[in-house]
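Next up, run-v3.cif (mmCIF, C-alpha atoms and all ligand atoms):
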data_target
#
loop_
_atom_site.label_atom_id
_atom_site.label_comp_id
_atom_site.auth_asym_id
_atom_site.auth_seq_id
_atom_site.Cartn_x
_atom_site.Cartn_y
_atom_site.Cartn_z
CA MET A 1 36.37 -9.01 70.41
CA SER A 2 34.20 -10.37 67.64
CA ILE A 3 31.84 -8.28 65.49
CA ASP A 4 28.42 -8.08 67.16
CA LEU A 5 26.30 -9.63 64.42
CA GLN A 6 23.18 -9.61 66.56
CA PHE A 7 23.44 -5.82 66.98
CA ASP A 8 24.06 -5.47 63.25
CA HIS A 9 21.00 -7.61 62.55
CA ASP A 10 18.78 -5.60 64.90
CA HIS A 11 19.95 -2.04 64.21
CA ILE A 12 21.84 -1.53 60.97
CA TRP A 13 20.45 -1.11 57.49
CA HIS A 14 22.55 -2.68 54.75
CA PRO A 15 22.06 -1.68 51.10
CA TYR A 16 18.65 -2.60 49.68
CA THR A 17 17.61 -4.74 52.63
CA SER A 18 14.79 -4.82 55.11
CA LEU A 19 15.29 -4.49 58.86
CA LYS A 20 12.25 -6.69 59.33
CA LYS A 21 13.79 -9.57 57.42
CA PRO A 22 17.51 -8.81 57.05
CA LEU A 23 19.64 -10.93 54.77
CA PRO A 24 22.69 -12.56 56.35
CA VAL A 25 25.89 -10.50 56.37
CA TYR A 26 29.44 -11.82 56.44
CA PRO A 27 31.90 -10.17 58.86
CA VAL A 28 35.05 -9.05 57.03
CA VAL A 29 38.08 -8.06 59.13
CA SER A 30 40.68 -7.23 56.47
CA ALA A 31 41.32 -7.33 52.75
CA LYS A 32 44.45 -7.60 50.61
CA GLY A 33 44.87 -7.88 46.85
CA CYS A 34 41.73 -9.68 45.68
CA GLN A 35 41.06 -11.45 48.97
CA LEU A 36 38.57 -10.59 51.69
CA MET A 37 39.37 -12.12 55.08
CA LEU A 38 36.35 -13.20 57.13
CA GLU A 39 36.35 -13.09 60.91
CA ASN A 40 36.53 -16.89 61.06
CA GLY A 41 39.78 -16.80 59.08
CA GLN A 42 38.26 -17.89 55.76
CA GLU A 43 39.52 -16.03 52.68
CA LEU A 44 37.20 -15.14 49.81
CA ILE A 45 38.27 -14.11 46.33
CA ASP A 46 36.38 -10.94 45.55
CA GLY A 47 34.50 -11.06 42.24
CA THR A 48 32.84 -7.66 42.71
CA ALA A 49 35.76 -5.30 43.52
CA SER A 50 33.42 -3.86 46.16
CA TRP A 51 30.79 -2.84 43.67
CA TRP A 52 33.30 -2.26 40.87
CA SER A 53 35.44 0.28 42.68
CA ALA A 54 38.56 -1.50 44.02
CA VAL A 55 40.22 -1.88 40.63
CA HIS A 56 43.77 -2.06 42.05
CA GLY A 57 42.76 -4.53 44.77
CA TYR A 58 42.73 -3.95 48.52
CA ASN A 59 45.52 -2.66 50.71
CA HIS A 60 47.53 -1.42 47.74
CA PRO A 61 50.91 0.03 48.87
CA ALA A 62 50.73 3.15 46.65
CA LEU A 63 47.17 3.94 47.68
CA ASN A 64 47.92 3.27 51.37
CA GLU A 65 50.90 5.60 51.16
CA ALA A 66 48.83 8.35 49.55
CA VAL A 67 46.26 8.22 52.35
CA THR A 68 48.85 8.03 55.13
CA ASN A 69 50.88 10.94 53.77
CA GLN A 70 47.80 13.07 53.39
CA LEU A 71 46.53 12.10 56.85
CA SER A 72 49.65 13.54 58.45
CA LYS A 73 48.98 16.89 56.72
CA MET A 74 45.18 17.28 57.02
CA SER A 75 42.30 14.87 56.62
CA HIS A 76 39.76 17.52 55.74
CA VAL A 77 39.33 21.21 55.19
CA MET A 78 36.31 23.02 53.75
CA PHE A 79 36.44 23.74 50.01
CA GLY A 80 34.50 27.01 50.21
CA GLY A 81 37.06 29.80 49.83
CA ILE A 82 39.96 27.33 50.26
CA THR A 83 41.82 25.07 47.89
CA HIS A 84 44.52 22.41 48.34
CA GLN A 85 47.13 20.44 46.45
CA PRO A 86 45.32 17.06 46.24
CA ALA A 87 42.24 18.68 44.65
CA VAL A 88 44.26 20.71 42.14
CA ASP A 89 46.51 17.78 41.22
CA LEU A 90 43.57 15.42 40.83
CA ALA A 91 41.64 17.89 38.68
CA LYS A 92 44.73 18.29 36.46
CA GLN A 93 45.06 14.52 36.22
CA LEU A 94 41.40 14.13 35.20
CA CYS A 95 41.69 16.88 32.59
CA GLN A 96 44.67 15.03 31.11
CA MET A 97 42.82 11.72 30.97
CA LEU A 98 39.54 13.05 29.58
CA PRO A 99 38.95 14.48 26.09
CA CYS A 100 40.34 18.03 26.12
CA SER A 101 36.93 19.71 25.86
CA LEU A 102 35.99 18.31 29.30
CA ASP A 103 37.95 20.53 31.64
CA LYS A 104 35.70 22.00 34.34
CA VAL A 105 35.69 19.74 37.40
CA PHE A 106 33.18 19.56 40.24
CA PHE A 107 34.10 17.16 43.06
CA ALA A 108 31.06 15.37 44.49
CA ASP A 109 30.78 13.01 47.42
CA SER A 110 29.25 9.95 45.74
CA GLY A 111 28.14 8.70 42.36
CA SER A 112 24.52 9.64 42.97
CA ILE A 113 25.54 13.17 43.88
CA ALA A 114 27.72 13.41 40.77
CA VAL A 115 24.56 12.61 38.78
CA GLU A 116 22.55 15.20 40.75
CA VAL A 117 25.20 17.78 39.93
CA ALA A 118 25.22 16.83 36.24
CA LEU A 119 21.44 17.22 36.06
CA LYS A 120 21.65 20.51 37.94
CA MET A 121 24.33 21.75 35.54
CA ALA A 122 22.13 20.90 32.56
CA LEU A 123 19.04 22.56 34.03
CA GLN A 124 20.94 25.64 35.18
CA TYR A 125 22.53 25.90 31.73
CA ARG A 126 19.06 26.03 30.17
CA LEU A 127 17.82 28.63 32.68
CA SER A 128 20.90 30.75 32.05
CA GLN A 129 20.28 30.54 28.31
CA GLY A 130 16.67 31.68 28.72
CA GLN A 131 15.40 28.22 27.72
CA SER A 132 13.36 27.44 30.82
CA GLN A 133 10.98 25.29 28.73
CA LYS A 134 13.83 22.82 28.14
CA ASN A 135 13.54 21.36 31.62
CA ARG A 136 13.20 17.61 31.22
CA ILE A 137 15.81 14.88 31.03
CA LEU A 138 15.77 12.08 28.50
CA SER A 139 16.98 8.75 29.88
CA LEU A 140 16.73 5.09 28.95
CA GLN A 141 14.64 2.24 30.21
CA LYS A 142 16.86 -0.21 32.18
CA ALA A 143 19.03 2.74 33.25
CA TYR A 144 20.48 3.08 36.73
CA HIS A 145 21.97 6.38 37.87
CA GLY A 146 21.80 6.32 41.67
CA ASP A 147 19.53 6.47 44.69
CA THR A 148 18.93 10.18 45.37
CA PHE A 149 15.73 11.79 44.13
CA ALA A 150 16.80 13.42 40.87
CA ALA A 151 19.00 10.40 40.12
CA MET A 152 16.03 8.10 40.80
CA SER A 153 13.93 10.10 38.35
CA VAL A 154 16.25 9.05 35.50
CA CYS A 155 16.43 5.36 36.52
CA ASP A 156 14.23 2.81 34.77
CA PRO A 157 10.68 3.82 35.79
CA HIS A 158 9.19 0.30 35.63
CA ASP A 159 11.67 -2.45 36.48
CA GLY A 160 14.16 -0.41 38.48
CA MET A 161 14.81 -0.34 42.18
CA HIS A 162 12.82 2.84 42.74
CA GLN A 163 9.46 1.91 41.33
CA ILE A 164 7.62 2.50 44.62
CA PHE A 165 8.63 6.17 44.51
CA SER A 166 7.36 6.70 40.97
CA SER A 167 4.52 9.04 42.00
CA GLN A 168 6.98 11.23 43.96
CA LEU A 169 9.52 11.65 41.18
CA ILE A 170 9.94 14.30 38.50
CA GLN A 171 8.44 12.81 35.34
CA GLN A 172 11.24 12.44 32.83
CA LEU A 173 11.27 11.01 29.30
CA PHE A 174 12.46 7.47 28.60
CA ALA A 175 13.63 5.87 25.39
CA PRO A 176 13.38 2.08 25.06
CA ALA A 177 16.61 0.37 26.11
CA PRO A 178 18.61 -0.42 22.95
CA VAL A 179 18.18 -4.00 21.75
CA SER A 180 21.30 -4.00 19.53
CA ARG A 181 23.94 -5.88 21.49
CA PHE A 182 27.54 -4.78 21.73
CA ASP A 183 28.62 -8.05 20.14
CA GLY A 184 25.73 -8.29 17.68
CA ALA A 185 24.15 -6.67 14.66
CA TRP A 186 22.86 -3.11 14.63
CA HIS A 187 19.05 -2.88 14.59
CA GLU A 188 17.74 0.20 12.83
CA SER A 189 14.64 0.15 15.08
CA ASP A 190 16.82 1.43 17.95
CA ALA A 191 17.58 4.53 15.89
CA GLN A 192 13.98 5.01 14.86
CA HIS A 193 12.58 5.02 18.42
CA LEU A 194 15.19 7.44 19.65
CA ARG A 195 14.87 9.81 16.70
CA GLU A 196 11.09 9.96 17.16
CA LEU A 197 11.48 10.97 20.80
CA PHE A 198 13.93 13.73 19.91
CA GLN A 199 11.67 14.98 17.11
CA GLN A 200 8.62 15.06 19.33
CA TYR A 201 10.07 16.39 22.59
CA HIS A 202 13.30 18.27 21.88
CA HIS A 203 11.73 21.61 22.88
CA GLU A 204 11.34 20.23 26.39
CA ILE A 205 14.65 18.35 26.74
CA ALA A 206 17.56 19.94 28.60
CA ALA A 207 19.84 16.91 28.42
CA MET A 208 20.03 13.21 27.72
CA ILE A 209 21.73 11.02 30.34
CA ILE A 210 23.15 7.64 29.44
CA GLU A 211 25.45 4.94 30.82
CA PRO A 212 27.82 4.49 27.87
CA ILE A 213 27.95 0.93 26.42
CA LEU A 214 27.03 -0.85 29.68
CA GLN A 215 23.68 -0.40 31.38
CA GLY A 216 24.93 -1.59 34.76
CA ALA A 217 22.78 -2.03 37.84
CA GLY A 218 19.63 -1.85 35.67
CA GLY A 219 20.46 -5.15 34.00
CA MET A 220 24.14 -5.47 32.98
CA ARG A 221 23.26 -4.95 29.30
CA MET A 222 26.00 -4.14 26.81
CA TYR A 223 24.71 -2.30 23.77
CA HIS A 224 25.96 -1.37 20.33
CA PRO A 225 28.35 1.62 19.98
CA ASN A 226 26.19 2.90 17.08
CA TYR A 227 23.55 3.74 19.64
CA LEU A 228 25.92 6.01 21.52
CA ARG A 229 27.05 7.66 18.29
CA LEU A 230 23.43 8.26 17.42
CA CYS A 231 22.77 9.84 20.84
CA ARG A 232 25.63 12.29 20.19
CA GLU A 233 24.33 13.12 16.69
CA LEU A 234 20.75 13.66 17.86
CA CYS A 235 21.86 15.76 20.84
CA ASP A 236 23.82 17.99 18.45
CA GLU A 237 20.99 18.19 15.94
CA PHE A 238 18.32 19.06 18.53
CA ASP A 239 20.35 21.21 20.96
CA VAL A 240 20.31 18.71 23.84
CA LEU A 241 23.27 18.27 26.22
CA LEU A 242 24.69 14.76 26.48
CA ILE A 243 25.56 13.49 29.97
CA ALA A 244 27.66 10.30 30.07
CA ASP A 245 27.36 8.51 33.39
CA GLU A 246 30.72 6.69 33.47
CA ILE A 247 30.54 6.00 37.20
CA ALA A 248 30.58 2.24 36.58
CA THR A 249 32.42 2.16 33.26
CA GLY A 250 35.14 4.80 33.72
CA PHE A 251 38.83 3.99 34.21
CA GLY A 252 39.14 0.91 32.05
CA ARG A 253 36.35 -1.44 33.11
CA THR A 254 34.96 -1.99 29.59
CA GLY A 255 38.38 -2.28 27.92
CA LYS A 256 38.62 1.44 27.05
CA LEU A 257 39.72 4.12 29.48
CA PHE A 258 36.22 5.58 29.17
CA ALA A 259 33.38 3.63 27.56
CA CYS A 260 32.49 6.61 25.32
CA GLU A 261 35.68 5.76 23.40
CA HIS A 262 33.99 2.62 22.00
CA ALA A 263 31.85 5.00 19.96
CA GLY A 264 34.44 7.75 19.53
CA ILE A 265 32.18 10.38 21.11
CA THR A 266 32.66 13.10 23.70
CA PRO A 267 29.79 14.05 26.00
CA ASP A 268 29.11 17.57 27.28
CA ILE A 269 29.13 16.39 30.89
CA ILE A 270 30.68 13.23 32.35
CA CYS A 271 30.09 11.64 35.77
CA LEU A 272 32.94 9.70 37.38
CA GLY A 273 33.04 7.72 40.63
CA LYS A 274 33.68 4.21 41.95
CA ALA A 275 37.18 3.39 40.56
CA LEU A 276 38.09 7.09 40.75
CA SER A 277 39.34 6.62 44.31
CA GLY A 278 40.37 2.98 43.82
CA GLY A 279 37.56 1.90 46.13
CA TYR A 280 39.21 3.55 49.16
CA ILE A 281 37.07 6.54 50.11
CA THR A 282 33.86 7.85 48.64
CA LEU A 283 34.55 10.41 45.92
CA ALA A 284 33.02 11.30 42.58
CA ALA A 285 33.38 14.05 40.02
CA THR A 286 31.20 15.76 37.45
CA VAL A 287 33.26 17.25 34.66
CA CYS A 288 31.75 19.50 32.01
CA SER A 289 32.86 21.40 28.94
CA SER A 290 33.63 25.12 28.80
CA LYS A 291 30.46 25.55 26.75
CA VAL A 292 28.37 24.29 29.68
CA ALA A 293 30.35 26.15 32.34
CA GLU A 294 30.33 29.42 30.40
CA GLY A 295 26.64 28.96 29.59
CA ILE A 296 25.83 28.62 33.29
CA GLY A 297 27.99 31.66 34.02
CA GLN A 298 25.94 33.84 31.67
CA GLY A 299 22.80 33.47 33.81
CA LYS A 300 21.26 35.80 36.36
CA ALA A 301 22.58 33.39 39.01
CA PRO A 302 26.00 32.56 37.55
CA ALA A 303 27.16 30.37 40.45
CA LEU A 304 26.62 26.62 40.21
CA MET A 305 24.40 26.15 43.21
CA HIS A 306 25.95 23.11 44.86
CA GLY A 307 28.58 22.73 47.60
CA PRO A 308 28.59 19.78 49.98
CA THR A 309 30.43 19.96 53.33
CA PHE A 310 32.94 17.28 52.39
CA MET A 311 33.48 18.49 48.83
CA ALA A 312 36.97 17.59 47.52
CA ASN A 313 37.94 15.87 50.77
CA PRO A 314 41.77 15.89 50.74
CA LEU A 315 42.15 12.25 51.80
CA ALA A 316 39.81 11.14 49.04
CA CYS A 317 41.50 13.40 46.46
CA ALA A 318 44.96 12.14 47.49
CA VAL A 319 44.01 8.50 47.11
CA ALA A 320 42.15 9.23 43.87
CA LEU A 321 45.26 10.91 42.52
CA ALA A 322 47.30 7.81 43.36
CA SER A 323 44.63 5.56 41.81
CA THR A 324 44.30 7.57 38.60
CA ARG A 325 48.11 7.81 38.30
CA LEU A 326 48.24 4.01 38.45
CA ILE A 327 45.59 3.90 35.72
CA ALA A 328 47.53 6.45 33.68
CA THR A 329 50.53 4.08 33.54
CA GLY A 330 48.36 2.00 31.21
CA ASN A 331 48.97 -1.38 32.84
CA TRP A 332 45.20 -1.82 33.20
CA GLN A 333 44.97 -2.41 29.45
CA GLN A 334 46.86 -5.71 29.52
CA GLN A 335 45.09 -6.70 32.74
CA VAL A 336 41.60 -6.04 31.38
CA THR A 337 42.38 -7.70 28.03
CA ALA A 338 43.62 -10.81 29.84
CA ILE A 339 40.54 -10.88 32.08
CA GLU A 340 38.25 -10.49 29.05
CA ARG A 341 39.97 -13.34 27.20
CA GLN A 342 39.75 -15.64 30.21
CA LEU A 343 36.11 -14.76 30.90
CA HIS A 344 35.21 -15.56 27.28
CA LEU A 345 36.92 -18.93 27.52
CA GLU A 346 35.75 -19.99 30.95
CA LEU A 347 32.17 -18.71 30.90
CA ALA A 348 31.41 -20.39 27.55
CA ALA A 349 30.47 -23.70 29.22
CA ILE A 350 27.96 -21.93 31.47
CA ARG A 351 25.90 -21.01 28.40
CA GLU A 352 24.95 -24.67 28.02
CA LEU A 353 23.56 -25.08 31.56
CA PRO A 354 19.81 -25.28 32.16
CA HIS A 355 18.22 -22.01 33.38
CA VAL A 356 21.02 -19.93 31.85
CA VAL A 357 19.50 -17.60 29.27
CA ASP A 358 22.54 -15.50 28.39
CA VAL A 359 26.24 -15.00 29.03
CA ARG A 360 27.83 -11.63 28.23
CA VAL A 361 31.44 -10.52 28.43
CA LEU A 362 33.02 -7.12 27.86
CA GLY A 363 36.34 -5.97 29.27
CA ALA A 364 36.59 -6.98 32.92
CA ILE A 365 32.86 -7.74 33.12
CA GLY A 366 31.32 -11.20 32.94
CA VAL A 367 27.57 -11.61 33.26
CA VAL A 368 25.39 -14.71 33.52
CA GLU A 369 21.65 -14.20 33.22
CA LEU A 370 19.30 -16.87 34.58
CA ASP A 371 15.65 -17.43 33.74
CA ALA A 372 14.34 -16.31 37.16
CA ASN A 373 15.28 -14.11 40.09
CA ILE A 374 17.97 -15.45 42.36
CA ASP A 375 17.65 -16.14 46.07
CA VAL A 376 20.53 -13.90 47.14
CA ALA A 377 21.10 -15.43 50.59
CA LYS A 378 21.09 -18.96 49.23
CA ALA A 379 23.38 -18.22 46.29
CA GLN A 380 25.75 -16.31 48.51
CA ARG A 381 26.00 -19.20 50.96
CA PHE A 382 27.06 -21.46 48.07
CA PHE A 383 29.61 -18.93 46.86
CA VAL A 384 31.13 -18.46 50.32
CA GLU A 385 31.42 -22.24 50.72
CA LEU A 386 33.42 -22.20 47.47
CA GLY A 387 35.68 -19.41 48.77
CA VAL A 388 34.44 -16.56 46.57
CA TRP A 389 32.49 -13.33 46.96
CA ILE A 390 29.94 -12.90 44.18
CA ARG A 391 26.75 -10.98 44.82
CA PRO A 392 23.77 -11.68 42.58
CA PHE A 393 20.96 -9.27 41.82
CA GLY A 394 17.66 -9.93 40.10
CA ALA A 395 18.28 -12.83 37.72
CA LEU A 396 21.93 -11.90 37.27
CA LEU A 397 25.24 -13.25 38.46
CA TYR A 398 28.25 -11.22 37.48
CA ILE A 399 32.00 -10.91 37.95
CA MET A 400 33.67 -7.47 37.90
CA PRO A 401 36.92 -8.22 39.73
CA PRO A 402 39.87 -6.01 40.63
CA PHE A 403 42.07 -5.62 37.53
CA VAL A 404 45.00 -7.15 39.46
CA ILE A 405 43.28 -10.52 39.78
CA THR A 406 45.51 -13.49 38.92
CA GLN A 407 44.60 -16.11 36.36
CA ALA A 408 44.19 -18.70 39.13
CA GLU A 409 41.95 -16.44 41.22
CA LEU A 410 39.76 -15.66 38.22
CA ARG A 411 39.54 -19.35 37.43
CA THR A 412 38.27 -19.98 40.97
CA LEU A 413 35.58 -17.33 40.39
CA THR A 414 34.42 -18.72 37.02
CA SER A 415 34.46 -22.26 38.34
CA ALA A 416 32.35 -21.18 41.34
CA LEU A 417 29.90 -19.54 38.92
CA TYR A 418 29.67 -22.77 36.96
CA GLN A 419 29.02 -24.81 40.09
CA VAL A 420 26.51 -22.42 41.65
CA CYS A 421 24.55 -22.11 38.39
CA GLN A 422 23.83 -25.83 38.77
CA GLN A 423 22.33 -25.36 42.24
CA PRO A 424 18.65 -24.52 42.91
CA ILE A 425 19.30 -20.81 43.53
CA THR A 426 16.38 -19.17 41.73
CA HIS A 427 12.89 -18.52 42.97
CA GLN A 428 9.86 -17.18 41.25
CA ALA A 429 8.91 -14.65 43.94
CA ALA A 430 10.28 -11.17 43.23
CA ALA A 431 13.58 -10.73 45.01
CA LEU A 432 14.46 -7.48 46.71
CA PRO A 433 16.62 -5.79 44.14
CA GLY A 434 20.15 -5.04 45.22
CA ALA A 435 23.08 -4.40 42.94
C1 LIG B 1 26.09 4.15 36.41
C2 LIG B 1 25.95 4.50 37.85
N1 LIG B 1 25.61 5.76 38.19
C3 LIG B 1 25.49 6.14 39.46
C4 LIG B 1 25.68 5.25 40.50
C5 LIG B 1 25.52 5.69 41.92
O1 LIG B 1 26.76 5.75 42.57
P1 LIG B 1 26.85 5.73 44.16
O2 LIG B 1 26.42 4.37 44.59
O3 LIG B 1 28.29 6.01 44.45
O4 LIG B 1 25.94 6.80 44.67
C6 LIG B 1 26.01 3.92 40.19
C7 LIG B 1 26.19 2.93 41.25
O5 LIG B 1 26.16 1.73 41.05
C8 LIG B 1 26.14 3.54 38.84
O6 LIG B 1 26.44 2.28 38.48
#
Write-out of the structure in structure tokens:
Amino acid sequence: MSIDLQFDHDHIWHPYTSLKKPLPVYPVVSAKGCQLMLENGQELIDGTASWWSAVHGYNHPALNEAVTNQLSKMSHVMFGGITHQPAVDLAKQLCQMLPCSLDKVFFADSGSIAVEVALKMALQYRLSQGQSQKNRILSLQKAYHGDTFAAMSVCDPHDGMHQIFSSQLIQQLFAPAPVSRFDGAWHESDAQHLRELFQQYHHEIAAMIIEPILQGAGGMRMYHPNYLRLCRELCDEFDVLLIADEIATGFGRTGKLFACEHAGITPDIICLGKALSGGYITLAATVCSSKVAEGIGQGKAPALMHGPTFMANPLACAVALASTRLIATGNWQQQVTAIERQLHLELAAIRELPHVVDVRVLGAIGVVELDANIDVAKAQRFFVELGVWIRPFGALLYIMPPFVITQAELRTLTSALYQVCQQPITHQAAALPGA
């Protein structure tokens, strides 16, 4: 029986789309390695790793085995008053991978919720310390931290996906997005703007939240490590907690295990997701330092007030343990270095094409920025004809493939990018944003 596309069209919301005017969807029936198999038998090389999560590729034997083994024991059990091996083993694994000061783990059910929990930790820490006036969060323009309400409040307030909710959101503070590029010179003006904000508002700021090195869904911008170092210094100087949202960057994507390592800094709270469970089952984690955990514990309400039904789901923890163990073997380093080298080489020619305003590469991330928003449906039709899955957003085309991608598969992706960039895929009307 084939997938009922008409029913899908009439009844199902897809991410960032309208039910009045849905964008076309492609029916996928299976996936293996870096290939998605469409219902009509066509295979597509996946350039997105399912929104940057499937770093080991699809249908991976070790990850399959982890899920199957766990399934035969129990798929779920509540985490209130109960614990289980997959959660304990995964927490131990994360503590080993992270800097040693980050050792208190909260399992959340998605990246957005991990951000909610991080913000809650920071605010509860301030309440517990009798600093209720420090109740705002400092974030960056061009930031993206998720779709739930507190997460939306720290996303870019002007150009982001959540602009229409601006009057309903908690009013946070925003620093200008850094202009110093990762691969360019350091501009002192970035430091000046940030320092001024800290000087003026530090009495009100509980925490600063930042996507280390790569501002992802807010524009795929890679910024200078000095900026991150400066954030750490200012947070220390002005008694502000630093939250690193490594949901997109964690587990090797930028060429370091965690992107904070580019700047040699350790945050007070870190958010992990996406690649955590190898793209198998939704799972995220918020990990904080003892200072934060103990600080919360000193309050009148010492419990961290969060506890979702599916917290630390055993299937998700088991597969995340298998995924992080694969990462811990270190093979990702050669894979990501090879991808980075190839992206540099093969995307260089795209720079010269008309309508291309920038090409950026870092780790297993290749970004092409055009001079106008892209017609997603049109571009995607071209990509599918060329046998690849690349999903544009705004004026951006990007590749963030599984780390296991072969040289030949990656070449097919970069060549498709080159060809599609020469097609009339942009339009001036504002596109519905969708990462
Ligand atoms: C940096 C960052 N934070 C948070 C999120 C939200 O994660 P999720 O989509 O799992 O809720 C994303 C998703 O793209 C992200 O890139």
So that all listed atoms of ligand LIG 1 (chain B) fit with 5 Å spare on each side, what axis-aligned box centre and edge lengths in Å, to one decimal, would you give as JSON?
{"center_x": 26.9, "center_y": 4.3, "center_z": 40.5, "size_x": 12.8, "size_y": 15.1, "size_z": 18.3}
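Inspection of the environment of ligand LIG 1 (chain B), which uses all atoms listed in the file and a cut-off of 6 Å, identifies the neighbouring residues as Ser110, Gly111, Ser112, Tyr144, His145, Gly146, Glu211, Gly216, Ala217, Asp245, Ile247 and Ala248 of chain A.
Using only C-alpha atoms, the protein and nucleic acid residues lying no more than 7 Å from Ala364 in chain A, apart from those fewer than 3 places from it along its own chain, are A:Arg253, A:Thr254, A:Val336, A:Ile339, A:Glu340, A:Met400, A:Pro401.
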Which residues come within 10 Å of Gly363 in chain A, counting all atoms listed in the file, excluding same-chain residues fewer than 2 positions away, as a tab-separated table (two decimals) with C-alpha atoms, keeping the file's coordinate frame?
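Full text of out-v1.tsv as output:
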chain	number	residue	atom	x	y	z
A	249	THR	CA	32.42	2.16	33.26
A	252	GLY	CA	39.14	0.91	32.05
A	253	ARG	CA	36.35	-1.44	33.11
A	254	THR	CA	34.96	-1.99	29.59
A	255	GLY	CA	38.38	-2.28	27.92
A	256	LYS	CA	38.62	1.44	27.05
A	333	GLN	CA	44.97	-2.41	29.45
A	335	GLN	CA	45.09	-6.70	32.74
A	336	VAL	CA	41.60	-6.04	31.38
A	337	THR	CA	42.38	-7.70	28.03
A	338	ALA	CA	43.62	-10.81	29.84
A	339	ILE	CA	40.54	-10.88	32.08
A	340	GLU	CA	38.25	-10.49	29.05
A	341	ARG	CA	39.97	-13.34	27.20
A	343	LEU	CA	36.11	-14.76	30.90
A	344	HIS	CA	35.21	-15.56	27.28
A	361	VAL	CA	31.44	-10.52	28.43
A	365	ILE	CA	32.86	-7.74	33.12
A	366	GLY	CA	31.32	-11.20	32.94
A	400	MET	CA	33.67	-7.47	37.90
What residues have an atom no more than 8 Å from (18.6, 15.9, 43.2) in the file's own frame, counting all atoms listed in the file, and can you write them as a ChimeraX atom specification?
-> /A:113,116-117,119-120,148-151
Selection: 10 Å around Ala177 in chain A, only C-alpha atoms, excl. self and same-chain fewer than 5 positions, as a JSON list (two decimals) with C-alpha atoms, in the coordinates of the input:
[["chain", "number", "residue", "atom", "x", "y", "z"],
["A", 139, "SER", "CA", 16.98, 8.75, 29.88],
["A", 140, "LEU", "CA", 16.73, 5.09, 28.95],
["A", 141, "GLN", "CA", 14.64, 2.24, 30.21],
["A", 142, "LYS", "CA", 16.86, -0.21, 32.18],
["A", 143, "ALA", "CA", 19.03, 2.74, 33.25],
["A", 156, "ASP", "CA", 14.23, 2.81, 34.77],
["A", 190, "ASP", "CA", 16.82, 1.43, 17.95],
["A", 193, "HIS", "CA", 12.58, 5.02, 18.42],
["A", 194, "LEU", "CA", 15.19, 7.44, 19.65],
["A", 215, "GLN", "CA", 23.68, -0.40, 31.38],
["A", 221, "ARG", "CA", 23.26, -4.95, 29.30],
["A", 223, "TYR", "CA", 24.71, -2.30, 23.77]]
Could you name the residues that touch Ile213 in chain A at 9 Å or less, counting all atoms listed in the file, but leaving out those on the same chain fewer than 6 positions away, as a PyMOL selection string?
-> chain A and resi 182+221-225+227-228+249+254+259-260+262-263
Residues of range 147-266 of chain A that have any atom at most 12 Å from an atom of range 388-395 of chain A: could you tabulate them with the shortest-distance atom pair and the distance in Å to one decimal, using only C-alpha atoms, ordered by chain and increasing number, as JSON lines?
{"residue": "A:Asp159", "atom": "CA", "partner": "A:Gly394", "partner_atom": "CA", "distance": 10.2}
{"residue": "A:Gly160", "atom": "CA", "partner": "A:Gly394", "partner_atom": "CA", "distance": 10.3}
{"residue": "A:Met161", "atom": "CA", "partner": "A:Gly394", "partner_atom": "CA", "distance": 10.2}
{"residue": "A:Gly216", "atom": "CA", "partner": "A:Phe393", "partner_atom": "CA", "distance": 11.2}
{"residue": "A:Ala217", "atom": "CA", "partner": "A:Phe393", "partner_atom": "CA", "distance": 8.5}
{"residue": "A:Gly218", "atom": "CA", "partner": "A:Gly394", "partner_atom": "CA", "distance": 9.4}
{"residue": "A:Gly219", "atom": "CA", "partner": "A:Gly394", "partner_atom": "CA", "distance": 8.2}
{"residue": "A:Met220", "atom": "CA", "partner": "A:Phe393", "partner_atom": "CA", "distance": 10.1}
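Using only C-alpha atoms, the shortest contact distance between Val115 in chain A and any of A:Ile374, A:Val154, A:Leu397, A:Ile281 is found at A:Val154.
Among the candidates A:Asp147, A:Phe310, A:Pro99, A:Pro157, the one nearest to Gly264 in chain A when counting all atoms listed in the file is A:Pro99.
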Using 10 Å as the limit and counting only C-alpha atoms, can you tabulate each residue of range 224-295 of chain A that touches range 84-92 of chain A, with its shortest atom-to-atom distance in Å and the two atoms involved, as a tab-separated table?
residue	atom	partner	partner_atom	distance
A:Leu276	CA	A:Leu90	CA	10.0
A:Ala285	CA	A:Ala91	CA	9.2
A:Val287	CA	A:Ala91	CA	9.3
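For range 300-302 of chain A, the list of residues within 12 Å, based on only C-alpha atoms and with local chain neighbours fewer than 5 positions off taken out, reads Met121, Gln124, Tyr125, Arg126, Leu127, Ser128, Gln129, Gly130, Val292, Ala293, Glu294 and Gly295 of chain A.
CA of Leu23 in chain A lies 16.5 Å from CA of Ile3 in chain A.
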Pick out the closest residue to Asn40 in chain A from this set: A:His158, A:Val28, A:Ile269, A:Ala372. Count all atoms listed in the file.
-> A:Val28
Kindly provide, as a ChimeraX atom specification, the polymer residues lying within 8 Å of (15.6, 18.1, 23.1), counting all atoms listed in the file and using the coordinates exactly as they appear in the file.
-> /A:134,198-199,201-207,235,238-240
Hey, which of A:Pro212, A:Gly250, A:Gly33, A:Pro314 ends up closest to Ile265 in chain A? Count all atoms listed in the file.
-> A:Pro212
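Considering all atoms listed in the file, the residue among A:Ile399, A:Leu71, A:Val77, A:Leu326 positioned nearest to Thr48 in chain A is A:Ile399.
Put simply, CA of Asn373 in chain A is 19.8 Å away from CA of Cys155 in chain A.
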Counting only C-alpha atoms, give me one row per residue of range 223-336 of chain A with an atom at most 10 Å from an atom of range 57-62 of chain A, showing the shortest contact pair and its distance in Å to one decimal, sorted by chain then residue number, as a Markdown table.
| residue | atom | partner | partner_atom | distance |
| --- | --- | --- | --- | --- |
| A:Gly278 | CA | A:Gly57 | CA | 7.9 |
| A:Gly279 | CA | A:Tyr58 | CA | 8.2 |
| A:Tyr280 | CA | A:Tyr58 | CA | 8.3 |
| A:Val319 | CA | A:Ala62 | CA | 8.6 |
| A:Ala322 | CA | A:Ala62 | CA | 6.7 |
| A:Ser323 | CA | A:Ala62 | CA | 8.2 |
| A:Arg325 | CA | A:Ala62 | CA | 9.9 |
| A:Leu326 | CA | A:Ala62 | CA | 8.6 |
